[in-house]
2 protein chains.
Amino acid sequence: MTQHVTRPPGDVTGPTGRIRLLLADDQALVRGALAALLGLEPDLTVVAEVDRGDEVVDAARRTRPDVVLMDVDMPGADGITATAAVRATLPSCRVLVVTTFGRPGYLQRAMAAGASGFVVKDTPARQLADAVRRVHSGLRVVDPALAAESLAVGASPLSARETEVLTRSRTGGTVADIAAELHLSEGTVRNHLSAAIGKTGARTRAEAVRIADENGWLLA
Amino acid sequence: MTQHVTRPPGDVTGPTGRIRLLLADDQALVRGALAALLGLEPDLTVVAEVDRGDEVVDAARRTRPDVVLMDVDMPGADGITATAAVRATLPSCRVLVVTTFGRPGYLQRAMAAGASGFVVKDTPARQLADAVRRVHSGLRVVDPALAAESLAVGASPLSARETEVLTRSRTGGTVADIAAELHLSEGTVRNHLSAAIGKTGARTRAEAVRIADENGWLLA
DNA sequence: ACGTCGCCATGACATCCGTCATGGCGACGT
DNA sequence: ACGTCGCCATGACGGATGTCATGGCGACGT
């Protein structure tokens with residue numbers, strides 16, 4: 001009896017009016033849980049799920065979703081590049097990035113890649129469906145606090161080489177290791193590291209790595 | 001049967017037969033999503049949710065759950081210590097740890113703290129309800145692959161001081177910083193770090209931090 | 001054409017770091 | 001009582017690291 005949900009008029013049988021969703025997240029449990037959560041909404045329907053970044057475009061081409069819920073940390077390809085790929089091949093498909101870490105650099109790069117929204121997994125569950133609806137209707141959805149922090153931090157001050165060198169040093173390798181990987185002189189590597197340390201305001205290489213990582217300035 | 005549960009065999013109305021759940025996870029979105037997922041099961045009911053480790057015991061004392069779904073990474077207190085606290089105050093309450101990272105040390109410490117199960121968020125969503133039921137019935141639920149890796153890696157070879165020093169160096173501070181924080185001599189800190197580097201098989205301090213972190217040997 | 005900037009490189013210097021030997025202290029198990 | 005082990009400390013040594021000055025190269029905008 002109560003199953004008769006009040007739905008926009010004109011839609012009696014088919015899923016015509018439903019917003020079609022694609023979930024991209026590498027953790028099967030949260031993916032399934034999000035599907036269950038969003039499946040409770042009468043105007044939403046999950047049409048596909050993937051666990052790798054490089055499978056998003058294929059799945060989207062097959063199932064034609066209206067909105068993609070995109071995680072950032074995924075194998076195959078990170079959510080930022082996957083977002084760019086989706087926007088390039090399916091311009092009518094919106095992307096809502098849902099990520100664990102509210103790194104300012106993630107937000108900046110996601111919006112630059114064409115995402116329509118950016119929410120962190122700290123947000124209340126009931127707001128997610130509304131965020132999906134707003135994104136689908138053409139609006140942009142951005143966490144206000146994160147947007148402010150993103151503006152305050154600004155873009156990455158690191159050059160391409162500096163970020164690359166700093167990213168490699170994340171695994172704990174020595175200068176000689178990095179120089180060998182990048183086919184550079186050891187002195188050059190030390191110079192780039194010194195510049196990165198100065199720009200980040202750090203006093204150690206490890207500290208520079210941490211700061212850059214927290215700001216989302218490092219690559220995958 | 002050893003179970004002295006005095007429950008009416010054919011109850012149809014009240015929630016008497018339902019397994020009462022408490023969700024502990026700092027990410028509101030996945031918490032709500034898990035609640036939606038588990039709420040679909042007719043024999044499960046979520047009676048409380050918390051987002052901090054130091055609120056689990058209070059909530060459990062009020063709502064008397066049968067099973068606690070416990071995340072590891074939480075503010076206030078990590079899931080391991082929260083598990084120990086729950087087991088100490090409410091022995092009849094089982095704990096199922098649900099974590100993002102399948103670190104061997106996490107599994108070992110969780111089981112030592114009295115957890116009845118340990119699953120990673122990579123597992124399929126449909127298996128979660130079964131895991132809850134098994135834990136509730138007194139069985140242990142452990143990811144087989146993770147259990148094997150945990151046995152292969154073994155316990156942490158680091159002493160208490162070594163793990164403490166290594167944990168502090170995670171933020172990228174210098175030897176002088178760590179020595180000041182711990183009221184130690186710089187030489188002593190270097191000795192502990194050297195020992196930690198040797199035991200982990202690393203060749204750098206940063207590498208030792210990474211290895212120990214991946215194995216779950218570091219503190220919160 | 002010129003200045004600016006990023007990138008690569010070299011060399012030198014002060015400092016920090018990792019290693020080792022050595023010794024003292026207390027806790028623990030046999 | 002003795003040996004073992006963890007913990008703290010000191011001192012010394014070689015190597016790694018961070019900083020700086022200097023220079024050359026190509027791309028870019030004015």
# chains A, B, ... in the order shown; residues from 1 in each chain; ligands from 1
>>> calpha_fit_and_write(fixed="chain A", moving="chain B", output="CSV table (one decimal) with C-alpha atoms, in the first residue's frame")
chain,number,residue,atom,x,y,z
B,1,MET,CA,11.9,25.1,-17.9
B,2,THR,CA,14.9,24.4,-20.0
B,3,GLN,CA,14.9,20.7,-19.3
B,4,HIS,CA,13.7,18.9,-22.4
B,5,VAL,CA,13.0,15.7,-20.6
B,6,THR,CA,10.0,14.0,-22.2
B,7,ARG,CA,8.9,11.7,-19.4
B,8,PRO,CA,5.4,10.6,-18.5
B,9,PRO,CA,4.4,12.5,-15.4
B,10,GLY,CA,2.7,9.7,-13.7
B,11,ASP,CA,4.6,6.5,-14.4
B,12,VAL,CA,4.1,3.9,-11.8
B,13,THR,CA,5.6,0.7,-13.2
B,14,GLY,CA,8.9,1.0,-15.2
B,15,PRO,CA,12.2,2.3,-13.8
B,16,THR,CA,11.8,5.2,-16.1
B,17,GLY,CA,11.9,7.9,-13.4
B,18,ARG,CA,14.6,6.3,-11.4
B,19,ILE,CA,18.0,7.9,-11.3
B,20,ARG,CA,20.5,5.4,-12.7
B,21,LEU,CA,23.8,5.1,-10.7
B,22,LEU,CA,27.2,3.7,-11.4
B,23,LEU,CA,29.5,3.0,-8.5
B,24,ALA,CA,33.2,3.1,-9.0
B,25,ASP,CA,35.3,2.1,-5.9
B,26,ASP,CA,38.1,-0.4,-5.6
B,27,GLN,CA,37.0,-1.6,-2.2
B,28,ALA,CA,34.3,-4.2,-2.8
B,29,LEU,CA,32.9,-4.0,0.7
B,30,VAL,CA,32.2,-0.2,0.7
B,31,ARG,CA,31.0,-0.5,-2.9
B,32,GLY,CA,28.4,-3.1,-1.9
B,33,ALA,CA,27.5,-1.2,1.2
B,34,LEU,CA,26.9,1.9,-0.8
B,35,ALA,CA,24.8,-0.1,-3.2
B,36,ALA,CA,22.7,-1.3,-0.2
B,37,LEU,CA,22.4,2.2,1.2
B,38,LEU,CA,21.3,3.8,-2.0
B,39,GLY,CA,19.1,0.9,-2.9
B,40,LEU,CA,16.9,1.8,0.0
B,41,GLU,CA,15.9,5.0,-1.8
B,42,PRO,CA,12.9,4.4,-4.0
B,43,ASP,CA,14.0,6.9,-6.7
B,44,LEU,CA,17.6,5.5,-7.1
B,45,THR,CA,18.8,2.4,-8.7
B,46,VAL,CA,22.3,1.1,-9.1
B,47,VAL,CA,22.9,-0.2,-12.6
B,48,ALA,CA,26.6,-1.0,-12.6
B,49,GLU,CA,29.6,-1.4,-10.3
B,50,VAL,CA,33.3,-1.3,-11.2
B,51,ASP,CA,36.5,-1.5,-9.2
B,52,ARG,CA,39.0,0.1,-11.6
B,53,GLY,CA,39.2,3.5,-13.0
B,54,ASP,CA,39.9,2.4,-16.5
B,55,GLU,CA,36.6,0.4,-16.6
B,56,VAL,CA,34.3,3.3,-15.8
B,57,VAL,CA,33.8,4.6,-19.4
B,58,ASP,CA,33.1,1.1,-20.8
B,59,ALA,CA,30.5,0.3,-18.1
B,60,ALA,CA,29.0,3.8,-18.5
B,61,ARG,CA,28.6,3.3,-22.2
B,62,ARG,CA,26.8,0.0,-21.7
B,63,THR,CA,24.5,0.9,-18.8
B,64,ARG,CA,23.9,4.7,-19.5
B,65,PRO,CA,23.9,5.9,-15.9
B,66,ASP,CA,22.7,9.4,-14.9
B,67,VAL,CA,25.2,9.8,-12.2
B,68,VAL,CA,28.6,8.2,-11.4
B,69,LEU,CA,29.8,7.9,-7.8
B,70,MET,CA,33.5,8.1,-8.3
B,71,ASP,CA,36.2,7.2,-5.9
B,72,VAL,CA,39.6,8.9,-6.3
B,73,ASP,CA,42.1,6.2,-5.3
B,74,MET,CA,41.6,3.3,-7.7
B,75,PRO,CA,43.9,1.1,-9.8
B,76,GLY,CA,44.0,1.4,-13.5
B,77,ALA,CA,43.2,5.1,-13.6
B,78,ASP,CA,42.5,7.5,-10.7
B,79,GLY,CA,39.1,9.0,-10.3
B,80,ILE,CA,40.2,12.4,-11.7
B,81,THR,CA,41.2,11.1,-15.1
B,82,ALA,CA,38.2,8.8,-15.1
B,83,THR,CA,36.0,11.7,-14.5
B,84,ALA,CA,37.5,13.6,-17.4
B,85,ALA,CA,37.0,10.5,-19.6
B,86,VAL,CA,33.4,10.2,-18.6
B,87,ARG,CA,32.7,13.8,-19.3
B,88,ALA,CA,34.3,13.6,-22.7
B,89,THR,CA,32.4,10.6,-23.9
B,90,LEU,CA,29.1,11.0,-22.1
B,91,PRO,CA,28.5,14.7,-21.5
B,92,SER,CA,25.0,14.1,-20.1
B,93,CYS,CA,26.4,11.9,-17.4
B,94,ARG,CA,27.2,13.7,-14.1
B,95,VAL,CA,30.0,12.7,-11.8
B,96,LEU,CA,29.9,12.9,-8.0
B,97,VAL,CA,33.3,12.3,-6.5
B,98,VAL,CA,33.2,10.4,-3.2
B,99,THR,CA,36.7,10.3,-1.6
B,100,THR,CA,38.3,9.3,1.6
B,101,PHE,CA,40.8,12.2,1.8
B,102,GLY,CA,39.6,15.8,1.6
B,103,ARG,CA,42.7,17.0,-0.1
B,104,PRO,CA,42.3,20.5,-1.5
B,105,GLY,CA,44.1,19.6,-4.7
B,106,TYR,CA,41.8,16.7,-5.3
B,107,LEU,CA,38.8,19.0,-5.1
B,108,GLN,CA,40.3,21.5,-7.5
B,109,ARG,CA,41.3,18.9,-10.1
B,110,ALA,CA,38.0,17.0,-9.8
B,111,MET,CA,36.0,20.1,-10.5
B,112,ALA,CA,38.4,21.1,-13.3
B,113,ALA,CA,37.9,17.6,-14.8
B,114,GLY,CA,34.2,18.2,-15.0
B,115,ALA,CA,32.8,16.7,-11.7
B,116,SER,CA,29.5,18.1,-10.5
B,117,GLY,CA,30.1,17.3,-6.9
B,118,PHE,CA,32.7,16.4,-4.3
B,119,VAL,CA,31.9,14.8,-0.9
B,120,VAL,CA,34.2,13.2,1.6
B,121,LYS,CA,33.4,9.9,3.3
B,122,ASP,CA,33.0,11.7,6.6
B,123,THR,CA,29.7,13.1,5.6
B,124,PRO,CA,26.5,11.6,7.2
B,125,ALA,CA,25.1,8.7,5.2
B,126,ARG,CA,21.6,10.3,4.8
B,127,GLN,CA,23.1,13.2,2.9
B,128,LEU,CA,24.5,11.1,0.2
B,129,ALA,CA,21.2,10.4,-1.6
B,130,ASP,CA,20.3,14.1,-1.5
B,131,ALA,CA,23.7,14.9,-3.0
B,132,VAL,CA,23.0,12.4,-5.8
B,133,ARG,CA,19.6,14.0,-6.5
B,134,ARG,CA,21.1,17.5,-6.5
B,135,VAL,CA,23.9,16.5,-8.9
B,136,HIS,CA,21.3,14.8,-11.1
B,137,SER,CA,19.2,18.0,-11.2
B,138,GLY,CA,22.2,20.0,-12.4
B,139,LEU,CA,23.3,21.5,-9.2
B,140,ARG,CA,26.8,21.4,-7.8
B,141,VAL,CA,27.5,19.8,-4.4
B,142,VAL,CA,30.7,20.7,-2.6
B,143,ASP,CA,31.7,20.3,1.0
B,144,PRO,CA,31.7,23.9,2.3
B,145,ALA,CA,34.6,23.5,4.7
B,146,LEU,CA,36.7,21.8,2.1
B,147,ALA,CA,35.9,24.5,-0.5
B,148,ALA,CA,37.1,27.1,2.0
B,149,GLU,CA,40.3,25.2,2.6
B,150,SER,CA,40.8,24.7,-1.0
B,151,LEU,CA,40.6,28.4,-1.7
B,152,ALA,CA,42.9,29.2,1.2
B,153,VAL,CA,45.6,26.8,0.1
B,154,GLY,CA,45.4,27.8,-3.6
B,155,ALA,CA,46.6,25.9,-6.5
B,156,SER,CA,49.8,23.9,-6.5
B,157,PRO,CA,52.9,26.1,-6.7
B,158,LEU,CA,55.0,23.2,-8.1
B,159,SER,CA,56.0,23.0,-11.7
B,160,ALA,CA,55.4,19.8,-13.7
B,161,ARG,CA,59.0,18.5,-13.2
B,162,GLU,CA,59.0,19.4,-9.5
B,163,THR,CA,55.8,17.4,-8.9
B,164,GLU,CA,57.2,14.5,-10.9
B,165,VAL,CA,60.5,14.5,-9.0
B,166,LEU,CA,58.7,14.9,-5.7
B,167,THR,CA,56.3,12.1,-6.6
B,168,ARG,CA,59.2,9.7,-7.3
B,169,SER,CA,60.9,10.5,-4.1
B,170,ARG,CA,57.8,9.3,-2.2
B,171,THR,CA,59.0,5.7,-2.4
B,172,GLY,CA,62.2,6.6,-0.6
B,173,GLY,CA,64.7,6.3,-3.4
B,174,THR,CA,67.9,8.3,-3.6
B,175,VAL,CA,68.7,11.2,-5.9
B,176,ALA,CA,70.6,8.8,-8.2
B,177,ASP,CA,67.6,6.6,-8.5
B,178,ILE,CA,65.3,9.4,-9.5
B,179,ALA,CA,67.8,10.7,-11.9
B,180,ALA,CA,68.1,7.3,-13.6
B,181,GLU,CA,64.3,6.9,-13.8
B,182,LEU,CA,63.8,10.3,-15.4
B,183,HIS,CA,67.0,10.3,-17.5
B,184,LEU,CA,68.2,13.5,-15.8
B,185,SER,CA,71.4,14.7,-14.2
B,186,GLU,CA,71.7,14.3,-10.5
B,187,GLY,CA,72.3,17.9,-10.1
B,188,THR,CA,69.1,18.7,-11.9
B,189,VAL,CA,67.2,16.5,-9.6
B,190,ARG,CA,68.7,18.2,-6.6
B,191,ASN,CA,67.8,21.5,-8.1
B,192,HIS,CA,64.1,20.5,-8.6
B,193,LEU,CA,64.0,19.1,-5.1
B,194,SER,CA,65.5,22.2,-3.6
B,195,ALA,CA,62.9,24.3,-5.5
B,196,ALA,CA,60.1,22.1,-4.3
B,197,ILE,CA,61.3,22.3,-0.7
B,198,GLY,CA,61.4,26.0,-0.9
B,199,LYS,CA,58.0,26.4,-2.4
B,200,THR,CA,56.3,24.0,0.0
B,201,GLY,CA,57.9,25.8,3.0
B,202,ALA,CA,59.5,22.5,4.1
B,203,ARG,CA,62.9,22.0,5.5
B,204,THR,CA,63.5,18.4,4.3
B,205,ARG,CA,62.7,16.4,1.2
B,206,ALA,CA,60.5,14.0,3.2
B,207,GLU,CA,58.6,16.9,4.7
B,208,ALA,CA,58.0,18.4,1.3
B,209,VAL,CA,56.6,15.1,0.1
B,210,ARG,CA,54.3,15.0,3.1
B,211,ILE,CA,53.1,18.5,2.6
B,212,ALA,CA,52.5,18.1,-1.1
B,213,ASP,CA,50.7,14.8,-0.5
B,214,GLU,CA,48.4,16.3,2.1
B,215,ASN,CA,47.5,19.1,-0.3
B,216,GLY,CA,46.8,16.6,-3.1
B,217,TRP,CA,49.6,18.0,-5.3
B,218,LEU,CA,51.2,14.7,-6.2
B,219,LEU,CA,50.2,12.4,-9.0
B,220,ALA,CA,49.0,8.8,-8.7
>>> residues_around(residues="DT22 in chain C", least_positions_apart="5", cutoff="12 Å", atoms="only C-alpha atoms (C1' of nucleotides)", output="count of residues only")
4
>>> interface_residues(of="chain D", to="chain A", cutoff="12 Å", atoms="only C-alpha atoms (C1' of nucleotides)", output="list in words")
DA16, DT17, DG18, DT19 and DC20 of chain D
>>> write_last_selection(atoms="N, CA and C atoms (P, O5', C5', C4', C3', O3' and C1' of nucleotides)", output="CSV table (one decimal), in the first residue's frame")
chain,number,residue,atom,x,y,z
D,16,DA,P,76.7,7.2,-0.1
D,16,DA,O5',75.4,8.0,0.3
D,16,DA,C5',74.6,7.5,1.3
D,16,DA,C4',73.7,8.7,1.8
D,16,DA,C3',73.0,9.5,0.8
D,16,DA,O3',71.7,9.6,1.1
D,16,DA,C1',74.3,10.9,2.2
D,17,DT,P,70.7,10.4,0.1
D,17,DT,O5',70.6,11.9,0.7
D,17,DT,C5',70.3,12.0,2.1
D,17,DT,C4',70.4,13.4,2.6
D,17,DT,C3',69.7,14.4,1.6
D,17,DT,O3',68.8,15.2,2.4
D,17,DT,C1',71.8,15.2,2.1
D,18,DG,P,67.6,16.0,1.7
D,18,DG,O5',68.1,17.5,1.8
D,18,DG,C5',68.3,18.0,3.1
D,18,DG,C4',68.9,19.4,3.1
D,18,DG,C3',68.3,20.4,2.1
D,18,DG,O3',68.1,21.7,2.7
D,18,DG,C1',70.6,20.2,1.6
D,19,DT,P,67.5,22.9,1.8
D,19,DT,O5',68.8,23.7,1.4
D,19,DT,C5',69.7,24.1,2.4
D,19,DT,C4',70.9,24.9,1.8
D,19,DT,C3',70.5,25.9,0.8
D,19,DT,O3',70.9,27.2,1.2
D,19,DT,C1',72.3,24.6,0.0
D,20,DC,P,70.3,28.5,0.4
D,20,DC,O5',71.6,28.9,-0.5
D,20,DC,C5',72.9,28.9,0.0
D,20,DC,C4',73.9,29.0,-1.1
D,20,DC,C3',73.6,29.9,-2.3
D,20,DC,O3',74.4,31.0,-2.2
D,20,DC,C1',74.6,27.8,-2.9
>>> interface_residues(of="chain C", to="chain A", cutoff="8 Å", atoms="only C-alpha atoms (C1' of nucleotides)", output="PDB file with N, CA and C atoms (P, O5', C5', C4', C3', O3' and C1' of nucleotides), in the first residue's frame")
ATOM      1  P    DG C   6      59.723  29.142 -13.186  1.00  0.00           P
ATOM      2  O5'  DG C   6      60.019  27.748 -13.905  1.00  0.00           O
ATOM      3  C5'  DG C   6      59.135  27.266 -14.901  1.00  0.00           C
ATOM      4  C4'  DG C   6      59.846  26.259 -15.776  1.00  0.00           C
ATOM      5  C3'  DG C   6      60.449  25.076 -15.011  1.00  0.00           C
ATOM      6  O3'  DG C   6      60.056  23.867 -15.623  1.00  0.00           O
ATOM      7  C1'  DG C   6      62.075  26.060 -16.414  1.00  0.00           C
ATOM      8  P    DC C   8      64.997  17.984 -16.348  1.00  0.00           P
ATOM      9  O5'  DC C   8      66.578  18.179 -16.453  1.00  0.00           O
ATOM     10  C5'  DC C   8      67.210  18.126 -17.715  1.00  0.00           C
ATOM     11  C4'  DC C   8      68.648  18.549 -17.581  1.00  0.00           C
ATOM     12  C3'  DC C   8      69.451  17.775 -16.544  1.00  0.00           C
ATOM     13  O3'  DC C   8      70.351  16.873 -17.188  1.00  0.00           O
ATOM     14  C1'  DC C   8      69.918  20.127 -16.510  1.00  0.00           C
ATOM     15  P    DA C   9      71.189  15.821 -16.357  1.00  0.00           P
ATOM     16  O5'  DA C   9      72.449  16.681 -15.932  1.00  0.00           O
ATOM     17  C5'  DA C   9      73.225  17.319 -16.930  1.00  0.00           C
ATOM     18  C4'  DA C   9      74.247  18.248 -16.313  1.00  0.00           C
ATOM     19  C3'  DA C   9      75.044  17.672 -15.149  1.00  0.00           C
ATOM     20  O3'  DA C   9      76.291  17.176 -15.629  1.00  0.00           O
ATOM     21  C1'  DA C   9      74.465  19.994 -14.844  1.00  0.00           C
ATOM     22  P    DT C  10      77.208  16.284 -14.730  1.00  0.00           P
ATOM     23  O5'  DT C  10      78.162  17.339 -14.016  1.00  0.00           O
ATOM     24  C5'  DT C  10      78.756  18.372 -14.785  1.00  0.00           C
ATOM     25  C4'  DT C  10      79.429  19.382 -13.872  1.00  0.00           C
ATOM     26  C3'  DT C  10      80.185  18.771 -12.680  1.00  0.00           C
ATOM     27  O3'  DT C  10      81.575  19.028 -12.826  1.00  0.00           O
ATOM     28  C1'  DT C  10      78.852  20.631 -12.019  1.00  0.00           C
TER      29       DT C  10
END
>>> select_by_dssp(residues="range 43-135 of chain B", states="alpha helix (DSSP H)", output="PyMOL selection string")
chain B and resi 56-63+79-89+104-112+126-135
>>> write_last_selection(atoms="C-alpha atoms", output="PDB file, in the first residue's frame")
ATOM      1  CA  VAL B  56      31.660   3.351  20.895  1.00  0.00           C
ATOM      2  CA  VAL B  57      31.471   2.081  24.474  1.00  0.00           C
ATOM      3  CA  ASP B  58      28.975   4.708  25.595  1.00  0.00           C
ATOM      4  CA  ALA B  59      26.706   4.062  22.631  1.00  0.00           C
ATOM      5  CA  ALA B  60      26.990   0.313  23.114  1.00  0.00           C
ATOM      6  CA  ARG B  61      26.076   0.583  26.784  1.00  0.00           C
ATOM      7  CA  ARG B  62      22.964   2.546  25.891  1.00  0.00           C
ATOM      8  CA  THR B  63      21.743   0.562  22.900  1.00  0.00           C
ATOM      9  CA  GLY B  79      39.212   0.726  16.277  1.00  0.00           C
ATOM     10  CA  ILE B  80      41.650  -1.664  17.934  1.00  0.00           C
ATOM     11  CA  THR B  81      41.535   0.011  21.328  1.00  0.00           C
ATOM     12  CA  ALA B  82      37.807   0.568  20.939  1.00  0.00           C
ATOM     13  CA  THR B  83      37.430  -3.153  20.322  1.00  0.00           C
ATOM     14  CA  ALA B  84      39.317  -3.957  23.493  1.00  0.00           C
ATOM     15  CA  ALA B  85      37.166  -1.483  25.432  1.00  0.00           C
ATOM     16  CA  VAL B  86      33.947  -3.014  24.115  1.00  0.00           C
ATOM     17  CA  ARG B  87      35.080  -6.533  24.934  1.00  0.00           C
ATOM     18  CA  ALA B  88      36.058  -5.449  28.438  1.00  0.00           C
ATOM     19  CA  THR B  89      32.776  -3.757  29.332  1.00  0.00           C
ATOM     20  CA  PRO B 104      48.636  -7.815   8.625  1.00  0.00           C
ATOM     21  CA  GLY B 105      49.398  -6.039  11.887  1.00  0.00           C
ATOM     22  CA  TYR B 106      45.869  -4.676  12.029  1.00  0.00           C
ATOM     23  CA  LEU B 107      44.435  -8.172  11.781  1.00  0.00           C
ATOM     24  CA  GLN B 108      46.743  -9.537  14.457  1.00  0.00           C
ATOM     25  CA  ARG B 109      46.080  -6.728  16.889  1.00  0.00           C
ATOM     26  CA  ALA B 110      42.341  -6.763  16.219  1.00  0.00           C
ATOM     27  CA  MET B 111      42.061 -10.466  16.994  1.00  0.00           C
ATOM     28  CA  ALA B 112      44.274 -10.049  20.042  1.00  0.00           C
ATOM     29  CA  ARG B 126      26.477  -9.424  -0.227  1.00  0.00           C
ATOM     30  CA  GLN B 127      28.965 -11.200   2.007  1.00  0.00           C
ATOM     31  CA  LEU B 128      28.793  -8.593   4.732  1.00  0.00           C
ATOM     32  CA  ALA B 129      25.405  -9.625   6.107  1.00  0.00           C
ATOM     33  CA  ASP B 130      26.554 -13.239   6.248  1.00  0.00           C
ATOM     34  CA  ALA B 131      29.696 -12.204   8.051  1.00  0.00           C
ATOM     35  CA  VAL B 132      27.565 -10.390  10.591  1.00  0.00           C
ATOM     36  CA  ARG B 133      25.380 -13.460  11.101  1.00  0.00           C
ATOM     37  CA  ARG B 134      28.366 -15.746  11.530  1.00  0.00           C
ATOM     38  CA  VAL B 135      29.982 -13.437  14.020  1.00  0.00           C
TER      39      VAL B 135
END
>>> select_by_dssp(residues="range 37-122 of chain B", states="strand (DSSP E or B)", output="PyMOL selection string")
chain B and resi 44-50+67-70+94-99+117-120
>>> decode(residues="range 4-19 of chain D", atoms="N, CA and C atoms (P, O5', C5', C4', C3', O3' and C1' of nucleotides)", output="CSV table (one decimal), in the first residue's frame")
chain,number,residue,atom,x,y,z
D,4,DT,P,74.2,-15.2,27.4
D,4,DT,O5',72.8,-14.5,27.2
D,4,DT,C5',71.6,-15.3,27.5
D,4,DT,C4',70.4,-14.4,27.3
D,4,DT,C3',70.5,-13.4,26.1
D,4,DT,O3',69.4,-13.5,25.3
D,4,DT,C1',69.8,-12.3,28.1
D,5,DC,P,69.4,-12.7,23.9
D,5,DC,O5',68.4,-11.5,24.1
D,5,DC,C5',67.1,-11.7,24.7
D,5,DC,C4',66.6,-10.3,25.2
D,5,DC,C3',66.8,-9.2,24.2
D,5,DC,O3',65.5,-8.7,23.8
D,5,DC,C1',67.4,-8.5,26.5
D,6,DG,P,65.4,-7.6,22.6
D,6,DG,O5',64.9,-6.3,23.3
D,6,DG,C5',63.7,-6.3,24.1
D,6,DG,C4',63.8,-5.1,25.0
D,6,DG,C3',63.9,-3.8,24.3
D,6,DG,O3',62.9,-2.9,24.8
D,6,DG,C1',65.5,-3.9,26.0
D,7,DC,P,62.6,-1.5,24.1
D,7,DC,O5',63.5,-0.5,24.9
D,7,DC,C5',63.2,-0.1,26.3
D,7,DC,C4',64.3,0.7,26.9
D,7,DC,C3',64.7,2.0,26.0
D,7,DC,O3',64.3,3.1,26.8
D,7,DC,C1',66.6,0.8,26.8
D,8,DC,P,64.4,4.6,26.1
D,8,DC,O5',65.8,5.1,26.5
D,8,DC,C5',66.1,5.4,27.8
D,8,DC,C4',67.6,5.7,28.0
D,8,DC,C3',68.1,6.8,27.0
D,8,DC,O3',68.4,8.0,27.8
D,8,DC,C1',69.6,4.9,27.2
D,9,DA,P,68.8,9.3,27.1
D,9,DA,O5',70.4,9.2,26.9
D,9,DA,C5',71.2,9.0,28.0
D,9,DA,C4',72.6,8.6,27.6
D,9,DA,C3',73.2,9.5,26.6
D,9,DA,O3',74.0,10.5,27.2
D,9,DA,C1',73.8,7.2,26.3
D,10,DT,P,74.6,11.7,26.5
D,10,DT,O5',76.0,11.2,26.0
D,10,DT,C5',76.9,10.6,26.9
D,10,DT,C4',78.1,10.0,26.1
D,10,DT,C3',78.7,10.9,25.1
D,10,DT,O3',80.0,11.3,25.5
D,10,DT,C1',78.4,8.7,24.3
D,11,DG,P,80.7,12.5,24.6
D,11,DG,O5',81.5,11.7,23.5
D,11,DG,C5',82.3,10.6,23.9
D,11,DG,C4',82.9,10.0,22.7
D,11,DG,C3',83.3,10.9,21.5
D,11,DG,O3',84.6,10.6,21.1
D,11,DG,C1',81.8,9.2,20.7
D,12,DA,P,85.3,11.6,20.1
D,12,DA,O5',85.5,10.7,18.8
D,12,DA,C5',85.8,9.3,18.9
D,12,DA,C4',85.5,8.6,17.6
D,12,DA,C3',85.8,9.5,16.4
D,12,DA,O3',86.6,8.7,15.5
D,12,DA,C1',83.6,8.6,16.2
D,13,DC,P,87.5,9.3,14.4
D,13,DC,O5',86.9,8.7,13.0
D,13,DC,C5',86.7,7.3,12.9
D,13,DC,C4',85.6,7.0,11.8
D,13,DC,C3',85.8,7.9,10.6
D,13,DC,O3',86.3,7.1,9.5
D,13,DC,C1',83.5,7.7,11.3
D,14,DG,P,86.6,7.7,8.1
D,14,DG,O5',85.4,7.4,7.2
D,14,DG,C5',84.9,6.0,7.1
D,14,DG,C4',83.6,6.0,6.4
D,14,DG,C3',83.6,6.6,5.0
D,14,DG,O3',82.9,5.8,4.1
D,14,DG,C1',82.0,7.6,6.4
D,15,DG,P,82.9,6.2,2.5
D,15,DG,O5',81.4,6.5,2.2
D,15,DG,C5',80.4,5.7,2.8
D,15,DG,C4',79.1,6.5,2.9
D,15,DG,C3',78.6,7.2,1.6
D,15,DG,O3',77.3,6.8,1.3
D,15,DG,C1',78.5,8.7,3.5
D,16,DA,P,76.7,7.2,-0.1
D,16,DA,O5',75.4,8.0,0.3
D,16,DA,C5',74.6,7.5,1.3
D,16,DA,C4',73.7,8.7,1.8
D,16,DA,C3',73.0,9.5,0.8
D,16,DA,O3',71.7,9.6,1.1
D,16,DA,C1',74.3,10.9,2.2
D,17,DT,P,70.7,10.4,0.1
D,17,DT,O5',70.6,11.9,0.7
D,17,DT,C5',70.3,12.0,2.1
D,17,DT,C4',70.4,13.4,2.6
D,17,DT,C3',69.7,14.4,1.6
D,17,DT,O3',68.8,15.2,2.4
D,17,DT,C1',71.8,15.2,2.1
D,18,DG,P,67.6,16.0,1.7
D,18,DG,O5',68.1,17.5,1.8
D,18,DG,C5',68.3,18.0,3.1
D,18,DG,C4',68.9,19.4,3.1
D,18,DG,C3',68.3,20.4,2.1
D,18,DG,O3',68.1,21.7,2.7
D,18,DG,C1',70.6,20.2,1.6
D,19,DT,P,67.5,22.9,1.8
D,19,DT,O5',68.8,23.7,1.4
D,19,DT,C5',69.7,24.1,2.4
D,19,DT,C4',70.9,24.9,1.8
D,19,DT,C3',70.5,25.9,0.8
D,19,DT,O3',70.9,27.2,1.2
D,19,DT,C1',72.3,24.6,0.0
